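Shown next: data02.pdb, containing PDB, C-alpha atoms.
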```
ATOM      1  CA  MET A   1     125.617 142.889 105.569
ATOM      2  CA  ALA A   2     122.366 144.416 106.845
ATOM      3  CA  ALA A   3     121.722 148.105 106.234
ATOM      4  CA  PHE A   4     122.355 150.348 109.258
ATOM      5  CA  ASP A   5     119.014 151.122 110.914
ATOM      6  CA  TYR A   6     119.020 154.207 113.150
ATOM      7  CA  LYS A   7     115.829 153.085 114.901
ATOM      8  CA  LYS A   8     117.480 149.843 116.014
ATOM      9  CA  GLU A   9     120.932 151.229 116.716
ATOM     10  CA  TYR A  10     119.658 154.225 118.698
ATOM     11  CA  LYS A  11     116.646 152.782 120.452
ATOM     12  CA  GLU A  12     116.955 155.372 123.215
ATOM     13  CA  PHE A  13     115.980 158.061 120.658
ATOM     14  CA  TYR A  14     113.456 156.200 118.501
ATOM     15  CA  LEU A  15     111.908 153.449 120.618
ATOM     16  CA  PRO A  16     111.259 154.888 124.066
ATOM     17  CA  PRO A  17     108.866 153.189 126.500
ATOM     18  CA  LYS A  18     105.241 154.269 126.946
ATOM     19  CA  LYS A  19     106.285 155.661 130.328
ATOM     20  CA  PRO A  20     107.829 159.169 130.110
ATOM     21  CA  GLN A  21     111.595 159.507 130.566
ATOM     22  CA  ILE A  22     114.175 162.298 130.704
ATOM     23  CA  ILE A  23     116.865 162.141 128.025
ATOM     24  CA  GLU A  24     119.686 164.273 126.594
ATOM     25  CA  ILE A  25     119.552 164.524 122.785
ATOM     26  CA  PRO A  26     122.857 165.322 121.018
ATOM     27  CA  ALA A  27     123.373 167.365 117.854
ATOM     28  CA  MET A  28     122.205 165.711 114.629
ATOM     29  CA  ASN A  29     122.035 166.766 110.988
ATOM     30  CA  PHE A  30     118.729 166.782 109.111
ATOM     31  CA  LEU A  31     117.057 167.450 105.831
ATOM     32  CA  ALA A  32     114.473 170.092 106.731
ATOM     33  CA  VAL A  33     111.583 171.971 105.141
ATOM     34  CA  ARG A  34     109.795 174.819 106.938
ATOM     35  CA  GLY A  35     106.160 175.733 106.490
ATOM     36  CA  GLN A  36     102.842 176.573 108.069
ATOM     37  CA  GLY A  37      99.230 175.478 107.990
ATOM     38  CA  ASN A  38      97.084 172.402 108.542
ATOM     39  CA  PRO A  39      99.105 169.207 107.895
ATOM     40  CA  ASN A  40      95.925 167.381 106.836
ATOM     41  CA  GLU A  41      95.206 169.706 103.918
ATOM     42  CA  GLU A  42      95.147 167.726 100.683
ATOM     43  CA  GLY A  43      97.803 169.022  98.326
ATOM     44  CA  GLY A  44      98.940 171.466 101.003
ATOM     45  CA  ALA A  45     102.385 172.685 102.000
ATOM     46  CA  TYR A  46     102.969 169.926 104.559
ATOM     47  CA  LYS A  47     102.349 167.056 102.140
ATOM     48  CA  ASN A  48     104.508 168.800  99.557
ATOM     49  CA  ALA A  49     107.297 169.145 102.132
ATOM     50  CA  ILE A  50     107.210 165.413 102.844
ATOM     51  CA  GLY A  51     107.593 164.680  99.140
ATOM     52  CA  LEU A  52     110.633 166.946  98.940
ATOM     53  CA  LEU A  53     112.255 165.362 102.003
ATOM     54  CA  TYR A  54     111.864 161.812 100.754
ATOM     55  CA  GLY A  55     112.996 162.798  97.272
ATOM     56  CA  MET A  56     116.257 164.108  98.717
ATOM     57  CA  ALA A  57     116.637 161.295 101.241
ATOM     58  CA  TYR A  58     116.424 158.593  98.586
ATOM     59  CA  THR A  59     118.686 160.488  96.200
ATOM     60  CA  ILE A  60     121.376 160.292  98.901
ATOM     61  CA  LYS A  61     120.639 156.681  99.842
ATOM     62  CA  MET A  62     120.685 155.492  96.214
ATOM     63  CA  SER A  63     123.835 157.414  95.286
ATOM     64  CA  LYS A  64     125.607 154.057  95.600
ATOM     65  CA  MET A  65     123.912 153.024  92.341
ATOM     66  CA  GLY A  66     125.353 155.905  90.312
ATOM     67  CA  ASN A  67     128.710 157.446  89.498
ATOM     68  CA  HIS A  68     128.826 159.832  92.443
ATOM     69  CA  ARG A  69     130.745 158.421  95.404
ATOM     70  CA  ILE A  70     130.186 159.894  98.857
ATOM     71  CA  GLU A  71     133.174 159.526 101.156
ATOM     72  CA  GLY A  72     132.357 157.327 104.147
ATOM     73  CA  TYR A  73     129.076 156.098 102.637
ATOM     74  CA  PHE A  74     127.460 153.082 104.289
ATOM     75  CA  ASP A  75     124.166 151.437 103.407
ATOM     76  CA  TYR A  76     121.366 152.493 105.716
ATOM     77  CA  VAL A  77     117.618 152.539 106.224
ATOM     78  CA  VAL A  78     116.199 156.037 105.657
ATOM     79  CA  PRO A  79     115.336 157.311 109.164
ATOM     80  CA  PRO A  80     111.731 158.134 110.053
ATOM     81  CA  LEU A  81     109.960 161.379 109.308
ATOM     82  CA  GLU A  82     110.010 163.876 112.190
ATOM     83  CA  GLY A  83     108.400 167.221 112.877
ATOM     84  CA  PHE A  84     108.850 170.298 115.060
ATOM     85  CA  TRP A  85     105.517 172.022 115.744
ATOM     86  CA  TRP A  86     104.536 175.332 117.337
ATOM     87  CA  GLN A  87     101.956 178.123 117.219
ATOM     88  CA  GLU A  88     102.616 181.782 117.851
ATOM     89  CA  GLY A  89     101.782 182.767 121.429
ATOM     90  CA  THR A  90     101.127 179.179 122.548
ATOM     91  CA  GLN A  91     103.092 177.022 124.993
ATOM     92  CA  GLY A  92     103.361 173.622 123.337
ATOM     93  CA  VAL A  93     100.614 173.087 120.748
ATOM     94  CA  ASP A  94      96.852 173.444 120.529
ATOM     95  CA  TYR A  95      95.556 170.439 118.589
ATOM     96  CA  PHE A  96      92.272 172.218 117.814
ATOM     97  CA  ARG A  97      94.013 175.002 115.852
ATOM     98  CA  LYS A  98      95.760 173.017 113.138
ATOM     99  CA  GLU A  99      95.453 175.878 110.652
ATOM    100  CA  ASP A 100      97.768 177.930 112.919
ATOM    101  CA  PHE A 101     100.592 175.392 112.963
ATOM    102  CA  GLN A 102     104.132 176.461 112.186
ATOM    103  CA  TRP A 103     106.327 173.450 111.464
ATOM    104  CA  ILE A 104     109.671 172.116 110.373
ATOM    105  CA  SER A 105     109.518 168.666 108.764
ATOM    106  CA  LEU A 106     112.699 166.636 109.086
ATOM    107  CA  ILE A 107     114.524 163.456 108.129
ATOM    108  CA  ARG A 108     117.783 162.657 109.889
ATOM    109  CA  LEU A 109     120.924 162.510 107.735
ATOM    110  CA  PRO A 110     123.672 159.910 108.085
ATOM    111  CA  GLU A 111     126.882 161.305 109.513
ATOM    112  CA  PHE A 112     128.715 161.038 106.178
ATOM    113  CA  VAL A 113     126.453 163.650 104.538
ATOM    114  CA  THR A 114     128.313 166.970 104.573
ATOM    115  CA  GLU A 115     126.877 170.279 103.384
ATOM    116  CA  ASP A 116     128.727 169.788 100.092
ATOM    117  CA  GLU A 117     127.109 166.368  99.611
ATOM    118  CA  PHE A 118     123.754 167.885 100.510
ATOM    119  CA  GLU A 119     124.221 170.467  97.748
ATOM    120  CA  TRP A 120     125.093 167.689  95.291
ATOM    121  CA  ALA A 121     121.964 165.752  96.267
ATOM    122  CA  CYS A 122     119.802 168.852  95.809
ATOM    123  CA  ARG A 123     121.129 169.378  92.282
ATOM    124  CA  GLU A 124     120.825 165.682  91.446
ATOM    125  CA  ALA A 125     117.253 165.400  92.717
ATOM    126  CA  THR A 126     116.230 168.572  90.873
ATOM    127  CA  VAL A 127     117.431 167.145  87.552
ATOM    128  CA  LYS A 128     116.242 163.566  87.979
ATOM    129  CA  LYS A 129     112.851 164.291  89.527
ATOM    130  CA  GLU A 130     112.200 167.560  87.675
ATOM    131  CA  MET A 131     111.119 169.248  90.896
ATOM    132  CA  ASP A 132     112.228 172.343  92.789
ATOM    133  CA  PHE A 133     114.130 171.281  95.921
ATOM    134  CA  SER A 134     115.237 174.775  96.920
ATOM    135  CA  LYS A 135     113.029 174.693 100.047
ATOM    136  CA  VAL A 136     115.048 171.827 101.520
ATOM    137  CA  GLU A 137     117.808 172.892 103.899
ATOM    138  CA  PHE A 138     120.684 171.252 105.738
ATOM    139  CA  LEU A 139     119.862 171.717 109.428
ATOM    140  CA  THR A 140     122.106 170.949 112.397
ATOM    141  CA  TYR A 141     120.100 170.826 115.607
ATOM    142  CA  GLU A 142     121.030 169.978 119.202
ATOM    143  CA  GLU A 143     117.839 169.327 121.119
ATOM    144  CA  GLY A 144     119.380 168.992 124.553
ATOM    145  CA  LEU A 145     117.480 167.976 127.679
ATOM    146  CA  CYS A 146     114.003 166.599 126.944
ATOM    147  CA  VAL A 147     111.177 164.440 128.202
ATOM    148  CA  GLN A 148     109.927 161.853 125.729
ATOM    149  CA  CYS A 149     107.346 159.102 125.537
ATOM    150  CA  MET A 150     105.922 156.622 123.040
ATOM    151  CA  HIS A 151     102.372 157.517 122.034
ATOM    152  CA  ILE A 152     100.289 154.716 120.547
ATOM    153  CA  GLY A 153      97.056 155.732 118.857
ATOM    154  CA  PRO A 154      95.601 158.548 116.737
ATOM    155  CA  TYR A 155      97.424 161.869 116.582
ATOM    156  CA  ASP A 156      94.382 163.669 118.004
ATOM    157  CA  GLU A 157      94.723 161.614 121.208
ATOM    158  CA  GLU A 158      98.238 162.886 121.863
ATOM    159  CA  PRO A 159      97.068 165.390 124.527
ATOM    160  CA  ASP A 160      96.501 162.479 126.929
ATOM    161  CA  THR A 161     100.120 161.367 126.505
ATOM    162  CA  VAL A 162     101.339 164.966 126.826
ATOM    163  CA  ARG A 163      99.489 165.307 130.129
ATOM    164  CA  ARG A 164     101.265 162.226 131.473
ATOM    165  CA  MET A 165     104.582 163.701 130.370
ATOM    166  CA  GLU A 166     103.805 166.964 132.144
ATOM    167  CA  GLU A 167     102.829 165.145 135.350
ATOM    168  CA  TYR A 168     106.069 163.143 135.191
ATOM    169  CA  ILE A 169     108.380 166.127 134.789
ATOM    170  CA  GLU A 170     106.594 167.929 137.632
ATOM    171  CA  GLU A 171     107.247 164.930 139.888
ATOM    172  CA  GLN A 172     110.913 164.848 138.803
ATOM    173  CA  GLY A 173     111.525 168.539 139.428
ATOM    174  CA  TYR A 174     111.564 169.718 135.797
ATOM    175  CA  GLU A 175     109.445 172.083 133.741
ATOM    176  CA  THR A 176     108.874 172.488 130.012
ATOM    177  CA  ASP A 177     111.234 174.856 128.222
ATOM    178  CA  PHE A 178     109.534 175.884 124.968
ATOM    179  CA  SER A 179     111.082 178.828 123.146
ATOM    180  CA  ASP A 180     111.623 180.142 119.625
ATOM    181  CA  CYS A 181     114.192 177.376 119.121
ATOM    182  CA  ARG A 182     112.806 174.547 121.297
ATOM    183  CA  PHE A 183     109.643 172.866 120.100
ATOM    184  CA  HIS A 184     107.013 170.161 120.443
ATOM    185  CA  HIS A 185     108.690 167.291 118.572
ATOM    186  CA  GLU A 186     107.129 164.214 116.979
ATOM    187  CA  ILE A 187     108.817 161.220 115.335
ATOM    188  CA  TYR A 188     106.549 159.123 113.119
ATOM    189  CA  LEU A 189     107.350 155.419 113.311
ATOM    190  CA  SER A 190     104.254 154.173 111.470
ATOM    191  CA  ASP A 191     103.142 154.557 107.864
ATOM    192  CA  VAL A 192      99.803 156.319 108.221
ATOM    193  CA  ARG A 193      98.710 154.892 104.849
ATOM    194  CA  ARG A 194      99.073 151.305 106.042
ATOM    195  CA  CYS A 195      98.468 151.471 109.791
ATOM    196  CA  LYS A 196      95.170 151.631 111.660
ATOM    197  CA  PRO A 197      94.885 154.870 113.679
ATOM    198  CA  GLU A 198      94.733 152.977 116.984
ATOM    199  CA  ASN A 199      98.102 151.326 116.211
ATOM    200  CA  LEU A 200     100.070 154.400 115.129
ATOM    201  CA  LYS A 201     103.386 154.777 116.962
ATOM    202  CA  THR A 202     104.666 158.313 117.517
ATOM    203  CA  VAL A 203     107.536 159.473 119.724
ATOM    204  CA  ILE A 204     106.561 162.708 121.471
ATOM    205  CA  ARG A 205     109.389 164.842 122.849
ATOM    206  CA  HIS A 206     109.318 168.142 124.744
ATOM    207  CA  PRO A 207     112.219 170.355 125.845
ATOM    208  CA  VAL A 208     112.656 170.613 129.614
ATOM    209  CA  ARG A 209     114.874 172.274 132.207
ATOM    210  CA  LYS A 210     115.438 171.813 135.922
ATOM    211  CA  LYS A 211     113.273 174.047 138.100
TER     212      LYS A 211
END
```

Final structure tokens representation of the file:
Amino acid sequence: MAAFDYKKEYKEFYLPPKKPQIIEIPAMNFLAVRGQGNPNEEGGAYKNAIGLLYGMAYTIKMSKMGNHRIEGYFDYVVPPLEGFWWQEGTQGVDYFRKEDFQWISLIRLPEFVTEDEFEWACREATVKKEMDFSKVEFLTYEEGLCVQCMHIGPYDEEPDTVRRMEEYIEEQGYETDFSDCRFHHEIYLSDVRRCKPENLKTVIRHPVRKK
């Protein structure tokens, strides 16, 4: 039986069209690491956060190979890396001020992962990988009403896609709704190590509200 793939089963969340659309995003559970600074910094906090997230994600996925049994476990493909991004005093994000980024890096958790199972995975990963996973948290987040769009190309060209999203919501009678708990959101569908910049696929999502 094929492993459950969230990207395929929930295409409305992970494979939107290149034309902007309005969508309601329900509550989901995530592995999350918070940080700040330029994500491109070699050996920086962002790259370290990604390592922690994947270390935990694969500890949970591969639990089936060990003695620990998680109730309700089903085989699945680890969901894609995601990120919430913001800068103090800025609506949305300013791509030219990467050093000022505040971020939360995320990987979605399967529904069977409770907070207790998360705590087990943190202990297990700490022992097996000899790393400190204390920065990883169990985060439940309900994003609510959003506009989203598939961006294809380099990350630095995202402003063009964002402008199209803003034009669309204006036409539809919405406005962006950024706050201290609603953020610029990106979902990374491509492996940047193996994909040409012009072919990168990134879901961009912004919170909105009716005018």

- [ ] Name the residues that the PyMOL selection byres ((chain A and resi 29-45) around 7) picks from the file above, as an MDAnalysis selection string, using the file's chain letters and numbers.
- [x] chainID A and resid 28 46:49 53 98:109 135:141

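Those residues that approach Ala2 in chain A to within 10 Å, counting all atoms listed in the file, are Asp75, Tyr76 and Val77 of chain A; same-chain residues fewer than 6 positions away are not listed.
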
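Selection result for the displayed file, with the PyMOL selection byres ((chain A and resi 184) around 6) as criterion, is Phe84, Trp85, Gly92, Phe183, His185 and His206 of chain A.
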
Given the selection you just returned, output its residues as a file containing C-alpha atoms, formatted as a PDB file, keeping the file's coordinate frame.
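The result, stored in selection_10.pdb:
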```pdb
ATOM      1  CA  PHE A  84     108.850 170.298 115.060  1.00  0.00           C
ATOM      2  CA  TRP A  85     105.517 172.022 115.744  1.00  0.00           C
ATOM      3  CA  GLY A  92     103.361 173.622 123.337  1.00  0.00           C
ATOM      4  CA  PHE A 183     109.643 172.866 120.100  1.00  0.00           C
ATOM      5  CA  HIS A 185     108.690 167.291 118.572  1.00  0.00           C
ATOM      6  CA  HIS A 206     109.318 168.142 124.744  1.00  0.00           C
TER       7      HIS A 206
END
```

Task: Separation of CA of Ile187 in chain A from CA of Glu158 in chain A, in Å and rounded to one decimal - done: 12.5 Å

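Look at Phe112 in chain A: the protein and nucleic acid residues within 7 Å of it, using all atoms listed in the file and passing over chain neighbours fewer than 2 places away, are Glu71, Gly72, Tyr73, Pro110 and Thr114 of chain A.
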
Open item on the list: Could you tell me how far CA of Phe133 in chain A sits from CA of Glu117 in chain A, in Å to one decimal place?
Closed with: 14.4 Å

Open item on the list: I'd like the contact shell of Gly173 in chain A - 9 Å cut-off, only C-alpha atoms, skipping same-chain residues fewer than 4 positions apart - returned as a ChimeraX atom specification.
Closed with: /A:168-169,209-211

Task: Contact residues around Ile152 in chain A with all atoms listed in the file at 7 Å, ignoring same-chain residues under 6 positions, as a ChimeraX atom specification - done: /A:198-202

- [ ] Run the PyMOL selection byres ((chain A and resi 125) around 12) mentally over the shown coordinates, then write out the matched residues as a PyMOL selection string, using the chain letters and numbers from the document.
- [x] chain A and resi 51-63+118-124+126-134+136

Could you take the residues named above and write them with C-alpha atoms, as a short mmCIF file (atom, residue, chain, number, x, y, z; two decimals), in the frame of the given file?
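Just written: again_31.cif:
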```cif
data_model
loop_
_atom_site.label_atom_id
_atom_site.label_comp_id
_atom_site.auth_asym_id
_atom_site.auth_seq_id
_atom_site.Cartn_x
_atom_site.Cartn_y
_atom_site.Cartn_z
CA GLY A 51 107.59 164.68 99.14
CA LEU A 52 110.63 166.95 98.94
CA LEU A 53 112.26 165.36 102.00
CA TYR A 54 111.86 161.81 100.75
CA GLY A 55 113.00 162.80 97.27
CA MET A 56 116.26 164.11 98.72
CA ALA A 57 116.64 161.29 101.24
CA TYR A 58 116.42 158.59 98.59
CA THR A 59 118.69 160.49 96.20
CA ILE A 60 121.38 160.29 98.90
CA LYS A 61 120.64 156.68 99.84
CA MET A 62 120.68 155.49 96.21
CA SER A 63 123.84 157.41 95.29
CA PHE A 118 123.75 167.88 100.51
CA GLU A 119 124.22 170.47 97.75
CA TRP A 120 125.09 167.69 95.29
CA ALA A 121 121.96 165.75 96.27
CA CYS A 122 119.80 168.85 95.81
CA ARG A 123 121.13 169.38 92.28
CA GLU A 124 120.82 165.68 91.45
CA THR A 126 116.23 168.57 90.87
CA VAL A 127 117.43 167.14 87.55
CA LYS A 128 116.24 163.57 87.98
CA LYS A 129 112.85 164.29 89.53
CA GLU A 130 112.20 167.56 87.68
CA MET A 131 111.12 169.25 90.90
CA ASP A 132 112.23 172.34 92.79
CA PHE A 133 114.13 171.28 95.92
CA SER A 134 115.24 174.78 96.92
CA VAL A 136 115.05 171.83 101.52
#
```
